[in-house]
Each structure stands twice: as C-alpha cells, then as structure tokens.
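Engineer: Input protein17.cif, format and content: mmCIF, C-alpha atoms.
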```cif
data_upload
loop_
_atom_site.group_PDB
_atom_site.id
_atom_site.type_symbol
_atom_site.label_atom_id
_atom_site.label_comp_id
_atom_site.auth_asym_id
_atom_site.auth_seq_id
_atom_site.Cartn_x
_atom_site.Cartn_y
_atom_site.Cartn_z
ATOM 1 C CA GLN P 1 -54.409 -24.254 -0.055
ATOM 2 C CA SER P 2 -55.361 -26.027 -3.289
ATOM 3 C CA ASN P 3 -58.127 -27.918 -1.493
ATOM 4 C CA LEU P 4 -59.906 -24.821 -0.199
ATOM 5 C CA PRO P 5 -63.458 -24.248 -1.415
ATOM 6 C CA SER P 6 -64.033 -21.255 -3.692
ATOM 7 C CA LEU P 7 -65.415 -18.081 -2.164
ATOM 8 C CA PRO P 8 -69.128 -18.268 -3.020
ATOM 9 C CA VAL P 9 -71.371 -15.492 -4.258
ATOM 10 C CA PRO P 10 -74.280 -15.451 -1.795
ATOM 11 C CA THR P 11 -77.759 -15.318 -3.223
ATOM 12 C CA ILE P 12 -79.810 -12.174 -2.681
ATOM 13 C CA GLU P 13 -81.964 -14.075 -0.209
ATOM 14 C CA GLU P 14 -78.914 -15.196 1.756
ATOM 15 C CA THR P 15 -77.596 -11.629 1.786
ATOM 16 C CA LEU P 16 -80.847 -10.245 3.198
ATOM 17 C CA ASN P 17 -81.085 -13.036 5.783
ATOM 18 C CA ARG P 18 -77.649 -12.074 7.068
ATOM 19 C CA PHE P 19 -78.204 -8.317 6.824
ATOM 20 C CA LEU P 20 -81.544 -7.880 8.588
ATOM 21 C CA PRO P 21 -80.674 -9.447 11.988
ATOM 22 C CA SER P 22 -77.760 -7.031 12.258
ATOM 23 C CA ALA P 23 -79.470 -3.949 10.843
ATOM 24 C CA LEU P 24 -82.911 -4.065 12.472
ATOM 25 C CA PRO P 25 -81.652 -3.544 16.056
ATOM 26 C CA LEU P 26 -80.065 -0.288 14.886
ATOM 27 C CA ALA P 27 -83.397 1.244 13.846
ATOM 28 C CA GLU P 28 -84.225 4.055 16.256
ATOM 29 C CA SER P 29 -87.970 4.219 15.535
ATOM 30 C CA ASP P 30 -90.806 2.172 14.077
ATOM 31 C CA ALA P 31 -90.799 4.409 11.027
ATOM 32 C CA GLU P 32 -87.103 3.778 10.427
ATOM 33 C CA ARG P 33 -87.670 0.058 10.884
ATOM 34 C CA GLU P 34 -90.414 0.053 8.248
ATOM 35 C CA ARG P 35 -88.246 2.009 5.792
ATOM 36 C CA LEU P 36 -85.516 -0.561 6.255
ATOM 37 C CA LEU P 37 -87.943 -3.428 5.605
ATOM 38 C CA ASP P 38 -89.329 -1.660 2.528
ATOM 39 C CA ALA P 39 -85.813 -1.207 1.186
ATOM 40 C CA CYS P 40 -85.088 -4.902 1.697
ATOM 41 C CA ARG P 41 -88.289 -5.891 -0.094
ATOM 42 C CA ALA P 42 -87.291 -3.740 -3.071
ATOM 43 C CA PHE P 43 -83.673 -4.923 -3.065
ATOM 44 C CA PRO P 44 -84.082 -8.205 -5.063
ATOM 45 C CA ASP P 45 -85.297 -6.376 -8.187
ATOM 46 C CA GLN P 46 -82.748 -3.584 -7.757
ATOM 47 C CA ALA P 47 -79.834 -6.019 -7.324
ATOM 48 C CA ALA P 48 -80.734 -8.506 -10.056
ATOM 49 C CA LYS P 49 -78.239 -7.160 -12.618
ATOM 50 C CA LEU P 50 -75.489 -6.879 -9.992
ATOM 51 C CA GLN P 51 -76.136 -10.460 -8.913
ATOM 52 C CA THR P 52 -75.736 -11.631 -12.509
ATOM 53 C CA ARG P 53 -72.452 -9.734 -12.874
ATOM 54 C CA LEU P 54 -71.069 -11.183 -9.645
ATOM 55 C CA GLN P 55 -72.034 -14.691 -10.684
ATOM 56 C CA SER P 56 -70.273 -14.199 -14.028
ATOM 57 C CA ARG P 57 -67.181 -12.954 -12.223
ATOM 58 C CA TYR P 58 -67.317 -16.015 -9.986
ATOM 59 C CA GLU P 59 -67.460 -18.370 -12.983
ATOM 60 C CA GLU P 60 -64.489 -16.590 -14.603
ATOM 61 C CA SER P 61 -62.441 -16.897 -11.410
ATOM 62 C CA GLN P 62 -62.842 -20.688 -11.362
ATOM 63 C CA SER P 63 -60.471 -21.024 -14.305
ATOM 64 C CA GLN P 64 -57.929 -18.653 -12.759
ATOM 65 C CA SER P 65 -57.494 -20.303 -9.330
ATOM 66 C CA THR P 66 -58.400 -17.082 -7.590
ATOM 67 C CA SER P 67 -61.313 -15.399 -5.843
ATOM 68 C CA TRP P 68 -63.932 -13.369 -7.695
ATOM 69 C CA LEU P 69 -63.447 -10.691 -5.034
ATOM 70 C CA GLN P 70 -59.647 -10.478 -5.168
ATOM 71 C CA LEU P 71 -59.257 -8.029 -8.066
ATOM 72 C CA TRP P 72 -61.789 -5.599 -6.600
ATOM 73 C CA TRP P 73 -60.325 -5.879 -3.113
ATOM 74 C CA ASN P 74 -56.692 -5.402 -4.136
ATOM 75 C CA THR P 75 -57.313 -2.511 -6.517
ATOM 76 C CA TRP P 76 -60.486 -0.481 -5.913
ATOM 77 C CA GLY P 77 -60.765 -1.449 -2.246
ATOM 78 C CA TYR P 78 -57.090 -0.990 -1.348
ATOM 79 C CA LEU P 79 -54.454 0.231 -3.814
ATOM 80 C CA GLN P 80 -56.704 2.912 -5.345
ATOM 81 C CA VAL P 81 -57.824 4.338 -1.994
ATOM 82 C CA ARG P 82 -56.330 7.828 -1.838
ATOM 83 C CA GLU P 83 -56.948 8.677 1.816
ATOM 84 C CA PRO P 84 -54.038 8.432 4.266
ATOM 85 C CA VAL P 85 -53.336 4.848 5.293
ATOM 86 C CA VAL P 86 -53.784 5.802 8.958
ATOM 87 C CA PRO P 87 -56.553 5.739 10.067
ATOM 88 C CA HIS P 88 -58.508 4.894 6.904
ATOM 89 C CA VAL P 89 -56.796 1.574 6.160
ATOM 90 C CA SER P 90 -54.463 0.670 9.016
ATOM 91 C CA TYR P 91 -55.447 0.635 12.671
ATOM 92 C CA PHE P 92 -53.832 -0.536 15.891
ATOM 93 C CA PHE P 93 -54.105 -3.168 18.568
ATOM 94 C CA GLN P 94 -52.864 -2.715 22.109
ATOM 95 C CA LEU P 95 -51.358 -5.815 23.671
ATOM 96 C CA ALA P 96 -51.241 -6.573 27.373
ATOM 97 C CA ASP P 97 -48.005 -5.830 29.205
ATOM 98 C CA ASP P 98 -45.401 -8.581 29.038
ATOM 99 C CA GLY P 99 -45.652 -10.375 32.367
ATOM 100 C CA THR P 100 -42.135 -11.788 32.054
ATOM 101 C CA LEU P 101 -40.591 -8.312 32.308
ATOM 102 C CA PRO P 102 -40.242 -6.249 35.491
ATOM 103 C CA SER P 103 -42.915 -3.608 35.987
ATOM 104 C CA SER P 104 -40.441 -1.076 37.383
ATOM 105 C CA HIS P 105 -36.784 -0.614 38.326
ATOM 106 C CA PRO P 106 -35.210 -2.385 35.357
ATOM 107 C CA PRO P 107 -32.397 -4.789 36.237
ATOM 108 C CA THR P 108 -28.826 -3.601 35.991
ATOM 109 C CA ALA P 109 -26.720 -4.668 33.033
ATOM 110 C CA ASP P 110 -23.219 -6.097 33.328
ATOM 111 C CA ASP P 111 -21.654 -2.662 32.859
ATOM 112 C CA GLY P 112 -23.644 -1.198 35.734
ATOM 113 C CA THR P 113 -26.192 0.689 33.633
ATOM 114 C CA CYS P 114 -29.940 0.166 33.887
ATOM 115 C CA LYS P 115 -31.586 -1.771 31.092
ATOM 116 C CA SER P 116 -34.376 -0.027 29.247
ATOM 117 C CA LEU P 117 -37.756 -1.720 29.545
ATOM 118 C CA GLY P 118 -38.498 -0.583 25.999
ATOM 119 C CA VAL P 119 -35.357 -2.290 24.717
ATOM 120 C CA MET P 120 -36.106 -5.427 26.731
ATOM 121 C CA ARG P 121 -39.640 -5.671 25.449
ATOM 122 C CA GLY P 122 -38.493 -4.855 21.915
ATOM 123 C CA ALA P 123 -36.071 -7.774 22.073
ATOM 124 C CA THR P 124 -38.833 -10.150 23.185
ATOM 125 C CA ILE P 125 -40.953 -8.935 20.260
ATOM 126 C CA LEU P 126 -38.122 -9.542 17.789
ATOM 127 C CA ARG P 127 -37.603 -13.014 19.191
ATOM 128 C CA ALA P 128 -41.293 -13.952 19.046
ATOM 129 C CA VAL P 129 -41.845 -12.435 15.591
ATOM 130 C CA GLY P 130 -38.725 -14.180 14.321
ATOM 131 C CA GLU P 131 -40.157 -17.552 15.296
ATOM 132 C CA TYR P 132 -43.490 -16.723 13.656
ATOM 133 C CA ARG P 133 -41.789 -15.367 10.543
ATOM 134 C CA LYS P 134 -39.971 -18.651 9.995
ATOM 135 C CA LYS P 135 -43.263 -20.563 10.059
ATOM 136 C CA VAL P 136 -44.841 -18.168 7.563
ATOM 137 C CA CYS P 137 -41.882 -18.060 5.197
ATOM 138 C CA SER P 138 -41.288 -21.829 5.307
ATOM 139 C CA GLY P 139 -44.959 -22.628 4.729
ATOM 140 C CA SER P 140 -45.158 -24.624 7.959
ATOM 141 C CA LEU P 141 -47.705 -22.340 9.633
ATOM 142 C CA PRO P 142 -51.029 -24.203 9.933
ATOM 143 C CA CYS P 143 -53.900 -22.466 8.168
ATOM 144 C CA GLU P 144 -56.369 -20.571 10.292
ATOM 145 C CA MET P 145 -59.742 -22.180 10.926
ATOM 146 C CA ILE P 146 -63.152 -20.700 11.678
ATOM 147 C CA GLY P 147 -66.272 -22.227 13.142
ATOM 148 C CA ARG P 148 -67.176 -23.668 16.508
ATOM 149 C CA ARG P 149 -68.171 -27.096 15.274
ATOM 150 C CA GLU P 150 -66.168 -29.778 13.528
ATOM 151 C CA PRO P 151 -65.273 -29.926 10.761
ATOM 152 C CA ARG P 152 -64.105 -26.329 10.975
ATOM 153 C CA THR P 153 -63.630 -24.272 7.813
ATOM 154 C CA PRO P 154 -60.035 -23.489 6.718
ATOM 155 C CA LEU P 155 -59.217 -19.951 5.608
ATOM 156 C CA CYS P 156 -57.126 -18.913 2.627
ATOM 157 C CA SER P 157 -53.482 -18.188 3.511
ATOM 158 C CA ALA P 158 -52.569 -16.283 0.332
ATOM 159 C CA ALA P 159 -52.454 -12.917 2.147
ATOM 160 C CA PHE P 160 -49.670 -14.134 4.445
ATOM 161 C CA LYS P 161 -47.151 -13.502 1.647
ATOM 162 C CA TYR P 162 -47.582 -9.794 2.336
ATOM 163 C CA MET P 163 -46.920 -10.098 6.072
ATOM 164 C CA PHE P 164 -43.114 -9.853 6.065
ATOM 165 C CA HIS P 165 -40.652 -8.100 3.733
ATOM 166 C CA ALA P 166 -43.418 -6.434 1.738
ATOM 167 C CA CYS P 167 -44.318 -2.775 1.328
ATOM 168 C CA ARG P 168 -47.043 -0.672 -0.254
ATOM 169 C CA ILE P 169 -45.415 1.863 -2.592
ATOM 170 C CA PRO P 170 -47.264 5.169 -3.204
ATOM 171 C CA ALA P 171 -48.124 6.141 -6.767
ATOM 172 C CA ARG P 172 -50.531 8.560 -8.397
ATOM 173 C CA ALA P 173 -54.067 7.122 -8.837
ATOM 174 C CA GLN P 174 -53.093 3.596 -7.741
ATOM 175 C CA ASP P 175 -50.345 2.355 -5.445
ATOM 176 C CA THR P 176 -48.175 -0.660 -6.138
ATOM 177 C CA TYR P 177 -46.498 -3.088 -3.798
ATOM 178 C CA LYS P 178 -43.154 -4.840 -3.546
ATOM 179 C CA MET P 179 -42.351 -8.187 -1.993
ATOM 180 C CA TYR P 180 -38.792 -9.168 -1.163
ATOM 181 C CA ASP P 181 -37.298 -12.655 -0.865
ATOM 182 C CA PRO P 182 -37.127 -13.510 2.877
ATOM 183 C CA SER P 183 -34.182 -15.830 2.234
ATOM 184 C CA ARG P 184 -32.127 -12.805 1.112
ATOM 185 C CA HIS P 185 -33.339 -10.291 3.714
ATOM 186 C CA ARG P 186 -32.909 -10.931 7.423
ATOM 187 C CA HIS P 187 -33.470 -7.461 8.807
ATOM 188 C CA CYS P 188 -36.240 -5.475 10.397
ATOM 189 C CA VAL P 189 -36.353 -1.688 10.679
ATOM 190 C CA VAL P 190 -35.960 -0.014 14.068
ATOM 191 C CA ALA P 191 -37.069 3.605 14.558
ATOM 192 C CA SER P 192 -35.727 5.755 17.394
ATOM 193 C CA LYS P 193 -35.854 9.543 17.777
ATOM 194 C CA GLY P 194 -36.696 9.993 14.092
ATOM 195 C CA TYR P 195 -33.811 7.836 12.860
ATOM 196 C CA PHE P 196 -34.168 4.455 11.155
ATOM 197 C CA PHE P 197 -31.858 1.466 11.498
ATOM 198 C CA ALA P 198 -31.722 -1.871 9.654
ATOM 199 C CA VAL P 199 -31.187 -4.628 12.211
ATOM 200 C CA ASP P 200 -30.643 -8.305 11.396
ATOM 201 C CA PHE P 201 -32.758 -10.292 13.851
ATOM 202 C CA VAL P 202 -32.593 -13.815 12.381
ATOM 203 C CA ASP P 203 -29.653 -15.988 11.293
ATOM 204 C CA ASP P 204 -28.944 -17.561 7.905
ATOM 205 C CA ASP P 205 -31.385 -20.392 8.668
ATOM 206 C CA GLY P 206 -34.181 -17.967 9.551
ATOM 207 C CA ASP P 207 -34.017 -18.688 13.280
ATOM 208 C CA PRO P 208 -34.251 -15.692 15.647
ATOM 209 C CA LEU P 209 -30.988 -14.545 17.180
ATOM 210 C CA PRO P 210 -30.374 -15.038 20.923
ATOM 211 C CA PHE P 211 -32.218 -12.623 23.180
ATOM 212 C CA CYS P 212 -29.004 -11.061 24.527
ATOM 213 C CA ILE P 213 -27.815 -10.190 20.998
ATOM 214 C CA LEU P 214 -31.184 -8.687 20.064
ATOM 215 C CA GLU P 215 -31.186 -6.626 23.245
ATOM 216 C CA GLU P 216 -27.651 -5.418 22.553
ATOM 217 C CA ARG P 217 -28.495 -4.386 18.984
ATOM 218 C CA LEU P 218 -31.603 -2.488 20.006
ATOM 219 C CA GLN P 219 -29.708 -0.675 22.735
ATOM 220 C CA ARG P 220 -27.088 0.285 20.167
ATOM 221 C CA CYS P 221 -29.837 1.787 17.983
ATOM 222 C CA VAL P 222 -31.068 3.875 20.914
ATOM 223 C CA ASP P 223 -27.529 5.019 21.756
ATOM 224 C CA MET P 224 -26.716 5.923 18.150
ATOM 225 C CA ALA P 225 -29.974 7.860 17.795
ATOM 226 C CA GLU P 226 -29.166 9.809 20.947
ATOM 227 C CA GLU P 227 -25.655 10.558 19.716
ATOM 228 C CA MET P 228 -26.867 11.716 16.290
ATOM 229 C CA GLN P 229 -29.592 13.837 17.827
ATOM 230 C CA GLN P 230 -27.106 15.603 20.062
ATOM 231 C CA SER P 231 -24.683 16.130 17.182
ATOM 232 C CA MET P 232 -27.532 17.761 15.201
ATOM 233 C CA GLY P 233 -28.194 20.258 17.982
ATOM 234 C CA GLY P 234 -31.189 18.711 19.756
ATOM 235 C CA THR P 235 -34.659 17.422 18.978
ATOM 236 C CA GLY P 236 -35.641 20.155 16.551
ATOM 237 C CA ALA P 237 -32.826 19.388 14.090
ATOM 238 C CA VAL P 238 -33.970 15.901 13.062
ATOM 239 C CA PRO P 239 -35.761 15.852 9.667
ATOM 240 C CA ARG P 240 -39.095 14.082 10.221
ATOM 241 C CA ILE P 241 -39.253 12.469 6.806
ATOM 242 C CA GLY P 242 -41.464 9.715 8.163
ATOM 243 C CA LEU P 243 -44.313 12.222 8.472
ATOM 244 C CA LEU P 244 -44.639 12.201 4.673
ATOM 245 C CA THR P 245 -46.063 8.688 4.806
ATOM 246 C CA ALA P 246 -49.054 10.022 6.786
ATOM 247 C CA SER P 247 -50.214 12.193 3.867
ATOM 248 C CA ASP P 248 -52.840 11.198 1.341
ATOM 249 C CA ARG P 249 -51.410 8.710 -1.139
ATOM 250 C CA ASP P 250 -51.015 11.139 -4.058
ATOM 251 C CA SER P 251 -49.163 13.676 -1.905
ATOM 252 C CA TRP P 252 -46.916 10.951 -0.500
ATOM 253 C CA ALA P 253 -46.245 9.680 -4.043
ATOM 254 C CA ASP P 254 -45.178 13.184 -5.125
ATOM 255 C CA ALA P 255 -43.008 13.622 -2.032
ATOM 256 C CA ARG P 256 -41.368 10.237 -2.547
ATOM 257 C CA GLY P 257 -40.552 11.187 -6.121
ATOM 258 C CA ARG P 258 -38.930 14.420 -4.961
ATOM 259 C CA LEU P 259 -36.906 12.540 -2.353
ATOM 260 C CA LEU P 260 -35.582 10.211 -5.046
ATOM 261 C CA ASP P 261 -34.813 13.129 -7.373
ATOM 262 C CA ALA P 262 -32.941 14.991 -4.648
ATOM 263 C CA GLY P 263 -31.155 12.021 -3.122
ATOM 264 C CA GLY P 264 -30.364 10.004 -6.233
ATOM 265 C CA GLU P 265 -29.084 6.440 -5.902
ATOM 266 C CA PRO P 266 -28.217 6.716 -2.170
ATOM 267 C CA MET P 267 -31.808 7.719 -1.410
ATOM 268 C CA GLY P 268 -33.093 4.864 -3.575
ATOM 269 C CA ARG P 269 -30.936 2.359 -1.690
ATOM 270 C CA ALA P 270 -32.047 3.793 1.654
ATOM 271 C CA LEU P 271 -35.738 3.547 0.754
ATOM 272 C CA GLU P 272 -35.284 -0.009 -0.514
ATOM 273 C CA ARG P 273 -33.603 -0.934 2.759
ATOM 274 C CA LEU P 274 -36.635 0.397 4.618
ATOM 275 C CA GLU P 275 -39.162 -1.216 2.296
ATOM 276 C CA SER P 276 -37.506 -4.640 2.331
ATOM 277 C CA GLY P 277 -37.505 -4.928 6.122
ATOM 278 C CA ALA P 278 -39.560 -7.690 7.721
ATOM 279 C CA PHE P 279 -41.450 -5.105 9.801
ATOM 280 C CA LEU P 280 -40.855 -1.884 11.717
ATOM 281 C CA LEU P 281 -40.233 -1.674 15.460
ATOM 282 C CA CYS P 282 -40.637 1.788 16.985
ATOM 283 C CA LEU P 283 -38.784 2.522 20.234
ATOM 284 C CA ASP P 284 -40.700 5.541 21.524
ATOM 285 C CA ASP P 285 -39.467 7.747 24.332
ATOM 286 C CA ASN P 286 -42.891 8.750 25.655
ATOM 287 C CA GLU P 287 -44.714 6.674 28.268
ATOM 288 C CA PRO P 288 -48.513 6.980 27.903
ATOM 289 C CA LEU P 289 -50.523 5.855 30.899
ATOM 290 C CA SER P 290 -54.235 6.146 30.072
ATOM 291 C CA LEU P 291 -55.999 4.430 27.200
ATOM 292 C CA ARG P 292 -56.633 7.830 25.633
ATOM 293 C CA GLN P 293 -52.931 8.708 25.798
ATOM 294 C CA CYS P 294 -52.099 5.343 24.244
ATOM 295 C CA GLY P 295 -54.592 5.892 21.424
ATOM 296 C CA ILE P 296 -53.184 9.342 20.639
ATOM 297 C CA ASN P 297 -49.685 7.872 20.591
ATOM 298 C CA TYR P 298 -50.663 4.987 18.305
ATOM 299 C CA TRP P 299 -52.567 7.158 15.830
ATOM 300 C CA HIS P 300 -50.055 9.960 15.335
ATOM 301 C CA GLY P 301 -47.111 9.531 17.676
ATOM 302 C CA GLY P 302 -48.536 11.707 20.438
ATOM 303 C CA ALA P 303 -48.008 14.975 18.548
ATOM 304 C CA GLU P 304 -50.369 17.744 19.646
#
```
Would you give me this structure, written as structure tokens?
Structural biologist:
Amino acid sequence: QSNLPSLPVPTIEETLNRFLPSALPLAESDAERERLLDACRAFPDQAAKLQTRLQSRYEESQSQSTSWLQLWWNTWGYLQVREPVVPHVSYFFQLADDGTLPSSHPPTADDGTCKSLGVMRGATILRAVGEYRKKVCSGSLPCEMIGRREPRTPLCSAAFKYMFHACRIPARAQDTYKMYDPSRHRHCVVASKGYFFAVDFVDDDGDPLPFCILEERLQRCVDMAEEMQQSMGGTGAVPRIGLLTASDRDSWADARGRLLDAGGEPMGRALERLESGAFLLCLDDNEPLSLRQCGINYWHGGAE
C-alpha cells in the first residue's frame, strides 16, 4: 500500500484525449458533433483555474499520505448526497445460480423435512464470504491489479476497510459512518419475513463455521420468523421498520432519531447490533423467474 503511486491530476489535454473518443460516437447529428468539438476547444481556457486548484490540492495531499480526490469523494460525492441510497448510490449484481445445489426437489434432512434451497444457498454464501472476510481483515488479500500488460498497475486497498462490519449512519446534511473491530464481532445479520437476526458465522480465529452449522442456524432464523409472524396475527402485523432506510437521508436521519427516542437504550443496542454486522443476508420468500421480476425484487423487495 505504501508503495502505490499517487493518484495523478490529468492535464487538460489528457482529459480531452480521453473524453472525445467516448463522447463523439454519442453525437446524433453533424451539428451536435461540431458543438461538442467547439466546447472542447473552449475548455482549456475555461478550466485553467480549476486545473490550478486541483494541482494545488494534489500537492497538499502528498504530505498527508492520501489522495487529492478522497475528501471530495467521501464528503460531497457520498456522505452529503441526500437522495435515497437505493438506487442513487447502491445498485445490485445478479450472480449465476450455484451449480453445486440441486435445481429442484431439495434433499431431505435427517428429520425427514425438505431442506430449503434458500437456506442451502445462504449457507454457501456465508461460508464463502467468511473465507474472504478473513483475508480482508487479516490483510492477506492480494491487492487488485489492472492492465493487460505486465507490469500491471496495483490498486489502492484502503476502501476494503469499509467492506465488513461498517455502516453508513444517517444524519442531517451529512451522514457519518461507523467501523467495528472484526476481532470483536463475528456475526452477520439475517433478514427473514421482516425480522432481523444476528448470526455468528465465523469462529474465534475468524474461520467460517462448518456448512452444516451455518445451514442449521439459517433454518432456525426462518423458523423463528415464521413463529413470530404467526404469533403477531399474520403478515400484516410485522412492523416494516427496514423501509425507513429507503427514504432520503434527512428523512431517515429524523426517523432514526425518533426510534432512539422511543426505544431508549434497548433500541440503541439493537441498532448497534445491526450496524456492526459483517453484512446482511436476506432470505426472501418470493421466487422471481424473469430478469424483470428479479430487478423489481432487488430494487425494492418486489412490492407493487
């Protein structure tokens, strides 16, 4: 990490040379193409003061062992953004189905019941993420490299500290964030039917627990959620507090404050338990088939 080159400030000429090959194909007419070229010809004079400011920021960052872009990115480009996190900041990836699991007719457990494919796949995710988490938290994960030719360029790994046991906390005007010591927190958060559970998925040495134990714990979460839902009188009785996190950041900050005021210390401990988790695993009941159905589910849980 200490040997990485500093993030450079590209010259105006370098910026235009990178911009034009991408922008020109998007011009829909000759007139639009000429306006784009005119704008690029005028850009050096217009950007001269900005270029000087960026260069000064770069020189200041050299004495601080950081990037000239980091302050802007973390504050104005991230923590001060007031729009809802989804979809304006966070997005989704859809992974291919796990080929090691059966496609249908789940195998029967020892007690004669059918295993849930969702629980089985969730356990494989916990196992795989647990192995990756140990590499990140121990500092043994090799840095990522870019480039097709050798020597390839190493990328900064500083952002990996936010990957596990970290949470963005809503606040008026600018959010904050908390990072928790992974050596003192071994749990992830499991969501099922609107309920949240803290589940330890690694041992004291940071190694993932055996697959059978992970599967058993996830199944217990599903069973407990079902039991609590029935005791509350059905699906409509569960308070969907998680929906508050989908609001704009100021509204979510206000709502979080009211939750803490109403719930006192128990609510504070519950929120900290959620925020200190390595990550969140959602065990949904719905089974989307098409890509469109999957997208709707990933963006807002499939709600109409």
Engineer: Quick one: of P:Val199, P:Leu36, P:Leu289, P:Cys212, who's nearest to Phe19 in chain P, counting all atoms listed in the file?
Structural biologist: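 Under the stated criterion, the closest residue is P:Leu36.
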Engineer: Using the chain letters and numbers from the file, which residues does the PyMOL selection byres ((chain P and resi 143-148) around 12) grab, as a PyMOL selection string?
Structural biologist: chain P and resi 1+3-4+135-136+139-142+149-160
Engineer: Would you translate the PyMOL selection byres ((chain P and resi 283) around 6) into the concrete set of residues it matches in this file, as an NGL selection string?
Structural biologist: :P and (192 or 282 or 284)
Engineer: Show which residues sit within 10 Å of Pro182 in chain P, as a PyMOL selection string. Count all atoms listed in the file, and ignore same-chain residues fewer than 4 positions away.
Structural biologist: chain P and resi 133-134+137-138+164-166+186-187+206+276-278
Engineer: Suppose you want the space between CA of Gly263 in chain P and CA of Tyr177 in chain P; what is it in Å?
Structural biologist: 21.5 Å
Engineer: CA of Asp285 in chain P and CA of Tyr162 in chain P are how many Å apart?
Structural biologist: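 According to the coordinates, CA of Asp285 in chain P and CA of Tyr162 in chain P are separated by 29.3 Å.
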Engineer: Please list as a list of chain:residue names every residue within 8 Å of range 43-52 of chain P, counting all atoms listed in the file and excluding residues in the same chain fewer than 5 positions away.
Structural biologist: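 My list of contacting residues is P:Thr11, P:Ile12, P:Glu13.
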Engineer: Using all atoms listed in the file, which residue out of P:Arg18, P:Arg53, P:Arg292, P:Arg273 lies closest to His185 in chain P?
Structural biologist: P:Arg273
Engineer: Take the PyMOL selection byres ((chain P and resi 221-235) around 12), apply it to the structure above, and return the hits as a ChimeraX atom specification.
Structural biologist: /P:115-116,118-119,122,189-199,214-220,236-240,281-285
Engineer: Dump C-alpha atoms for the selected residues as a PDB file, in the coordinates of the input?
Structural biologist:
```pdb
ATOM      1  CA  LYS P 115     -31.586  -1.771  31.092  1.00  0.00           C
ATOM      2  CA  SER P 116     -34.376  -0.027  29.247  1.00  0.00           C
ATOM      3  CA  GLY P 118     -38.498  -0.583  25.999  1.00  0.00           C
ATOM      4  CA  VAL P 119     -35.357  -2.290  24.717  1.00  0.00           C
ATOM      5  CA  GLY P 122     -38.493  -4.855  21.915  1.00  0.00           C
ATOM      6  CA  VAL P 189     -36.353  -1.688  10.679  1.00  0.00           C
ATOM      7  CA  VAL P 190     -35.960  -0.014  14.068  1.00  0.00           C
ATOM      8  CA  ALA P 191     -37.069   3.605  14.558  1.00  0.00           C
ATOM      9  CA  SER P 192     -35.727   5.755  17.394  1.00  0.00           C
ATOM     10  CA  LYS P 193     -35.854   9.543  17.777  1.00  0.00           C
ATOM     11  CA  GLY P 194     -36.696   9.993  14.092  1.00  0.00           C
ATOM     12  CA  TYR P 195     -33.811   7.836  12.860  1.00  0.00           C
ATOM     13  CA  PHE P 196     -34.168   4.455  11.155  1.00  0.00           C
ATOM     14  CA  PHE P 197     -31.858   1.466  11.498  1.00  0.00           C
ATOM     15  CA  ALA P 198     -31.722  -1.871   9.654  1.00  0.00           C
ATOM     16  CA  VAL P 199     -31.187  -4.628  12.211  1.00  0.00           C
ATOM     17  CA  LEU P 214     -31.184  -8.687  20.064  1.00  0.00           C
ATOM     18  CA  GLU P 215     -31.186  -6.626  23.245  1.00  0.00           C
ATOM     19  CA  GLU P 216     -27.651  -5.418  22.553  1.00  0.00           C
ATOM     20  CA  ARG P 217     -28.495  -4.386  18.984  1.00  0.00           C
ATOM     21  CA  LEU P 218     -31.603  -2.488  20.006  1.00  0.00           C
ATOM     22  CA  GLN P 219     -29.708  -0.675  22.735  1.00  0.00           C
ATOM     23  CA  ARG P 220     -27.088   0.285  20.167  1.00  0.00           C
ATOM     24  CA  GLY P 236     -35.641  20.155  16.551  1.00  0.00           C
ATOM     25  CA  ALA P 237     -32.826  19.388  14.090  1.00  0.00           C
ATOM     26  CA  VAL P 238     -33.970  15.901  13.062  1.00  0.00           C
ATOM     27  CA  PRO P 239     -35.761  15.852   9.667  1.00  0.00           C
ATOM     28  CA  ARG P 240     -39.095  14.082  10.221  1.00  0.00           C
ATOM     29  CA  LEU P 281     -40.233  -1.674  15.460  1.00  0.00           C
ATOM     30  CA  CYS P 282     -40.637   1.788  16.985  1.00  0.00           C
ATOM     31  CA  LEU P 283     -38.784   2.522  20.234  1.00  0.00           C
ATOM     32  CA  ASP P 284     -40.700   5.541  21.524  1.00  0.00           C
ATOM     33  CA  ASP P 285     -39.467   7.747  24.332  1.00  0.00           C
TER      34      ASP P 285
END
```
Engineer: So, with all atoms listed in the file as the atoms that count, which of P:Trp76, P:Tyr58, P:Arg184, P:Ile125 lies closest to Leu280 in chain P?
Structural biologist: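 The closest residue to Leu280 in chain P is P:Ile125.
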Engineer: In Å to one decimal, how far is CA of Val89 in chain P from CA of Phe279 in chain P?
Structural biologist: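 Between these atoms lies a distance of 17.1 Å.
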Engineer: List as a list in words the protein and nucleic acid residues near Val81 in chain P, meaning an atom at most 9 Å away when all atoms listed in the file are counted, but skip any in the same chain fewer than 6 places from it.
Structural biologist: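 Within the cut-off, the hits are Thr75, His88, Val89, Ala173, Gln174, Asp175 and Arg249 of chain P.
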Engineer: Centre and edge lengths, as lines of an AutoDock Vina configuration file, for the axis-aligned box enclosing every listed atom of range 279-286 of chain P with 4 Å of padding on each of the six sides, in Å to one decimal?
Structural biologist:
```
center_x = -40.8
center_y = 1.8
center_z = 17.7
size_x = 12.1
size_y = 21.9
size_z = 23.9
```
